[in-house]
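Down below is the structure, laid out as structure tokens.
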Amino acid sequence: MTIEDIDRQFVFHPFTNVRSHEQTGPLTVVSGAGSTIVDASGRSYLDAMAGLWCVNVGYGNVELAEALGRQAKKLAYYHSFASMGNEPVAELAQRLISMAPGSMSKVFFGNSGSDANDTQVKMVWYYNNVLGRPEKKKIISRDRGYHGVTVMAASLCGLPGMHRAFDLPLSTVRHVRAPRRLWSDDADLDDAQLVAALAADLERTILDEGPDTVAAFIAEPIQAAGGVIVPPPGYFPAIQEVLRRYDVLMIADEVVCGFGRTGHTFGSDVFGIEPDLMTVAKGVTSAYIPLSACLVSEKVWDVLRDGADAFGVFQHGYTYSAHPLAAATAIANLNIIEDGKLTQQAAARGEYLNSKLQQAFAQHPMVVDVRGFGLLGAVEFAASREPLTAFEPIGSFSGPIVARMRELGVISRALPNSDSISFSPPFVVTEEEIDQMVATARQALDDVCSAMHLVP
């Protein structure tokens, strides 16, 4: 029995068509180095997605592996309940606070972006209970947002496919429009008009729900899985003006954008976000080991601390919260990014990537948008530009393109709720590798168009 047969028989894969997987089996990845992964047959692929937007320092980094190994030999695990601590966690928390925007105070550690966003919501609810505001519990998110897959985090997502089979979203979640013109009634608005319309939409939602019931607003600086949607200038300052008016907390979900992906330490630094709470994961360890964190501002911490008088022990946390292996790996990862100037490299490579995407795709008759920021990019397709017409069903065009790219040796991703493909390579990607990624994507587009008889 091959490893693929064993996988097909026993593994339940996330975000996978389980019926077709039982027939086709997996692509089994066995090793990686830099921007390249290798499958069980020995074939190499350029990974244009850094896993799931996360292997920022690239595969096979020996320094990270050694840091993890050293910590495993010294202290592989101890819990953090009841005031128990460990050295790397304390050091990492201090470092994260020193890096973070605004007046952050404390760090609560978890294991994934999903559980971290659940934790954020629980802290927001706790915060309002301490303040004697039991009705102020609703969370506003955005269409096309992605915040995780646990029950609350999936509810926060603005992707209907994550809701309809799971009885979601929960009743405490509301959604407002994403900062996106394409396929919307905002297509003819300039940046200032769009920002004003979106801020008015948020304010109208808060007023309709009742300001005394709305607790927080959560947003990614750049919406990643929802389409690599970059906000227009002035968007977040306008949004936060509304939030402050109604005493609504701002949660910045930096799971993808954090630690250099935008060419800056955090997306909040780029787009003028002043978070009350901030979620990080993925790039904090470059995914070498699971770790997430909730960064809590002085404003929120002052209230949470007062909660001890009313509620005693803060009864929330995970067996693996503040895991010493993860913390030691994160410290080494942040050292590699800082010492290697990889944030600056991500900015330069991102500029190169997005220039190449524009050159390769902007004039193609099936392409309706080429967008990106930092080391993030996306190409969106439509059945027709004039009139603007989507493929039916949505995803029926981007899916074959990504499949063809894999056949040609490049891993990309077809994004949900649109016919878009995405790019988010490791920070260590070379210009030559970017050239190959983009050229392969263009060849895959041409091959799919030819197979579907769409373009002469």
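Letters A, B, ... mark the chains of the structure tokens in the order given; residue numbers begin at 1 per chain; ligand numbers begin at 1, in order shown.
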How would you write, as a list in words, the set of residues in segment 79-224 of chain A that DSSP gives as strand (DSSP E)? Met104, Ser105, Lys106, Val107, Phe108, Phe109, Gly110, Lys138, Ile139, Ile140, Ser141, Arg142, Val173, Arg174, His175, Val176, Val214, Ala215, Ala216, Phe217, Ile218 and Ala219 of chain A
If you run DSSP on the backbone here, which positions in segment 1-95 of chain A get helix (DSSP H, G or I)? Please write them as a ChimeraX atom specification. /A:3-10,18-24,50-53,62-74,81-83,87-95
Residues from last step as file, N, CA and C atoms, as a CSV table (one decimal), in the first residue's frame:
```
chain,number,residue,atom,x,y,z
A,3,ILE,N,1.8,5.4,0.3
A,3,ILE,CA,1.5,6.4,1.3
A,3,ILE,C,0.2,7.2,0.8
A,4,GLU,N,0.0,7.3,-0.5
A,4,GLU,CA,-1.2,7.9,-1.0
A,4,GLU,C,-2.4,7.1,-0.7
A,5,ASP,N,-2.3,5.8,-0.8
A,5,ASP,CA,-3.4,4.9,-0.5
A,5,ASP,C,-3.7,5.0,1.0
A,6,ILE,N,-2.7,5.0,1.9
A,6,ILE,CA,-3.0,5.1,3.3
A,6,ILE,C,-3.7,6.4,3.6
A,7,ASP,N,-3.2,7.5,3.0
A,7,ASP,CA,-3.9,8.8,3.1
A,7,ASP,C,-5.3,8.8,2.7
A,8,ARG,N,-5.6,8.3,1.5
A,8,ARG,CA,-7.0,8.2,1.0
A,8,ARG,C,-7.9,7.4,2.0
A,9,GLN,N,-7.3,6.4,2.6
A,9,GLN,CA,-8.1,5.5,3.5
A,9,GLN,C,-8.4,6.1,4.9
A,10,PHE,N,-7.4,6.9,5.4
A,10,PHE,CA,-7.5,7.3,6.8
A,10,PHE,C,-7.5,8.7,7.1
A,18,VAL,N,-14.2,15.7,-0.1
A,18,VAL,CA,-13.8,14.4,0.5
A,18,VAL,C,-14.2,13.3,-0.5
A,19,ARG,N,-15.2,13.4,-1.3
A,19,ARG,CA,-15.5,12.3,-2.2
A,19,ARG,C,-14.5,12.2,-3.3
A,20,SER,N,-14.1,13.3,-3.9
A,20,SER,CA,-13.1,13.2,-4.9
A,20,SER,C,-11.7,12.8,-4.4
A,21,HIS,N,-11.4,13.2,-3.1
A,21,HIS,CA,-10.1,12.9,-2.6
A,21,HIS,C,-10.0,11.4,-2.4
A,22,GLU,N,-11.1,10.7,-2.0
A,22,GLU,CA,-11.1,9.2,-1.9
A,22,GLU,C,-10.7,8.6,-3.2
A,23,GLN,N,-11.0,9.2,-4.3
A,23,GLN,CA,-10.7,8.7,-5.6
A,23,GLN,C,-9.3,9.0,-6.1
A,24,THR,N,-8.9,10.3,-5.9
A,24,THR,CA,-7.6,10.8,-6.5
A,24,THR,C,-6.4,10.7,-5.5
A,50,ALA,N,3.6,30.1,-0.3
A,50,ALA,CA,4.3,29.9,1.0
A,50,ALA,C,3.4,29.1,1.9
A,51,GLY,N,3.0,27.9,1.4
A,51,GLY,CA,2.0,27.1,2.2
A,51,GLY,C,0.7,27.7,2.1
A,52,LEU,N,0.2,28.2,3.3
A,52,LEU,CA,-1.1,29.0,3.3
A,52,LEU,C,-0.7,30.4,3.8
A,53,TRP,N,0.0,31.1,3.0
A,53,TRP,CA,0.4,32.5,3.3
A,53,TRP,C,1.4,32.6,4.5
A,62,VAL,N,17.6,25.8,8.6
A,62,VAL,CA,18.3,25.0,9.6
A,62,VAL,C,18.3,25.7,10.9
A,63,GLU,N,18.5,27.1,10.9
A,63,GLU,CA,18.5,27.8,12.1
A,63,GLU,C,17.2,27.7,12.9
A,64,LEU,N,16.1,27.7,12.2
A,64,LEU,CA,14.8,27.5,12.9
A,64,LEU,C,14.7,26.1,13.5
A,65,ALA,N,15.1,25.1,12.7
A,65,ALA,CA,15.0,23.7,13.2
A,65,ALA,C,15.9,23.5,14.4
A,66,GLU,N,17.1,24.1,14.4
A,66,GLU,CA,18.0,24.0,15.5
A,66,GLU,C,17.4,24.7,16.8
A,67,ALA,N,16.8,25.8,16.6
A,67,ALA,CA,16.2,26.5,17.8
A,67,ALA,C,15.2,25.7,18.4
A,68,LEU,N,14.3,25.1,17.6
A,68,LEU,CA,13.3,24.2,18.1
A,68,LEU,C,13.9,23.0,18.8
A,69,GLY,N,14.9,22.4,18.2
A,69,GLY,CA,15.5,21.3,18.9
A,69,GLY,C,16.2,21.6,20.2
A,70,ARG,N,16.9,22.7,20.3
A,70,ARG,CA,17.5,23.1,21.5
A,70,ARG,C,16.5,23.3,22.6
A,71,GLN,N,15.3,23.9,22.3
A,71,GLN,CA,14.3,24.1,23.3
A,71,GLN,C,13.7,22.8,23.7
A,72,ALA,N,13.5,21.9,22.8
A,72,ALA,CA,12.9,20.6,23.1
A,72,ALA,C,13.8,19.8,24.1
A,73,LYS,N,15.1,19.9,23.9
A,73,LYS,CA,16.0,19.3,24.9
A,73,LYS,C,16.0,19.9,26.2
A,74,LYS,N,15.7,21.2,26.3
A,74,LYS,CA,15.8,21.9,27.6
A,74,LYS,C,14.4,21.8,28.3
A,81,PHE,N,-1.2,27.7,32.9
A,81,PHE,CA,-2.3,27.9,33.8
A,81,PHE,C,-1.7,28.3,35.2
A,82,ALA,N,-2.6,29.0,36.0
A,82,ALA,CA,-2.3,29.3,37.4
A,82,ALA,C,-0.9,29.9,37.6
A,83,SER,N,-0.6,30.9,36.7
A,83,SER,CA,0.6,31.7,36.8
A,83,SER,C,1.9,30.9,36.6
A,87,GLU,N,10.6,30.6,30.1
A,87,GLU,CA,11.5,31.7,29.7
A,87,GLU,C,11.2,32.2,28.3
A,88,PRO,N,11.2,31.3,27.3
A,88,PRO,CA,10.9,31.9,25.9
A,88,PRO,C,9.6,32.6,25.7
A,89,VAL,N,8.6,32.2,26.4
A,89,VAL,CA,7.3,32.9,26.3
A,89,VAL,C,7.4,34.3,26.8
A,90,ALA,N,8.0,34.5,28.0
A,90,ALA,CA,8.2,35.8,28.5
A,90,ALA,C,9.0,36.7,27.6
A,91,GLU,N,10.1,36.2,27.0
A,91,GLU,CA,10.9,36.9,26.1
A,91,GLU,C,10.1,37.3,24.8
A,92,LEU,N,9.3,36.3,24.3
A,92,LEU,CA,8.6,36.6,23.1
A,92,LEU,C,7.5,37.6,23.3
A,93,ALA,N,6.8,37.5,24.5
A,93,ALA,CA,5.8,38.5,24.7
A,93,ALA,C,6.3,39.9,24.8
A,94,GLN,N,7.4,40.1,25.4
A,94,GLN,CA,8.1,41.4,25.5
A,94,GLN,C,8.4,41.9,24.1
A,95,ARG,N,8.9,41.0,23.3
A,95,ARG,CA,9.3,41.4,21.9
A,95,ARG,C,8.1,41.8,21.1
```
At a cut-off of 10 Å, using only C-alpha atoms, what residues contact Tyr246 of chain A? Leave out same-chain residues fewer than 5 positions from it and give the result as a ChimeraX atom specification. /A:203,206-207,210-212,214-215,240-241
In Å, how far is it from atom CA of Val428 of chain A to atom CA of Pro400 of chain A?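 Atom CA of Val428 of chain A sits 27.8 Å away from atom CA of Pro400 of chain A.
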Taking a cut-off of 10 Å and counting only C-alpha atoms, can you build a table that, for each residue of segment 223-286 of chain A near segment 129-140 of chain A, reports the nearest atom pair and how far apart they are in Å (one decimal), sorted by chain then residue number, as CSV?
```
residue,atom,partner,partner_atom,distance
A:Asp247,CA,A:Lys136,CA,10.0
A:Val248,CA,A:Lys136,CA,9.1
A:Leu249,CA,A:Ile139,CA,9.3
A:Met250,CA,A:Ile140,CA,9.9
A:Ile251,CA,A:Ile139,CA,9.9
```
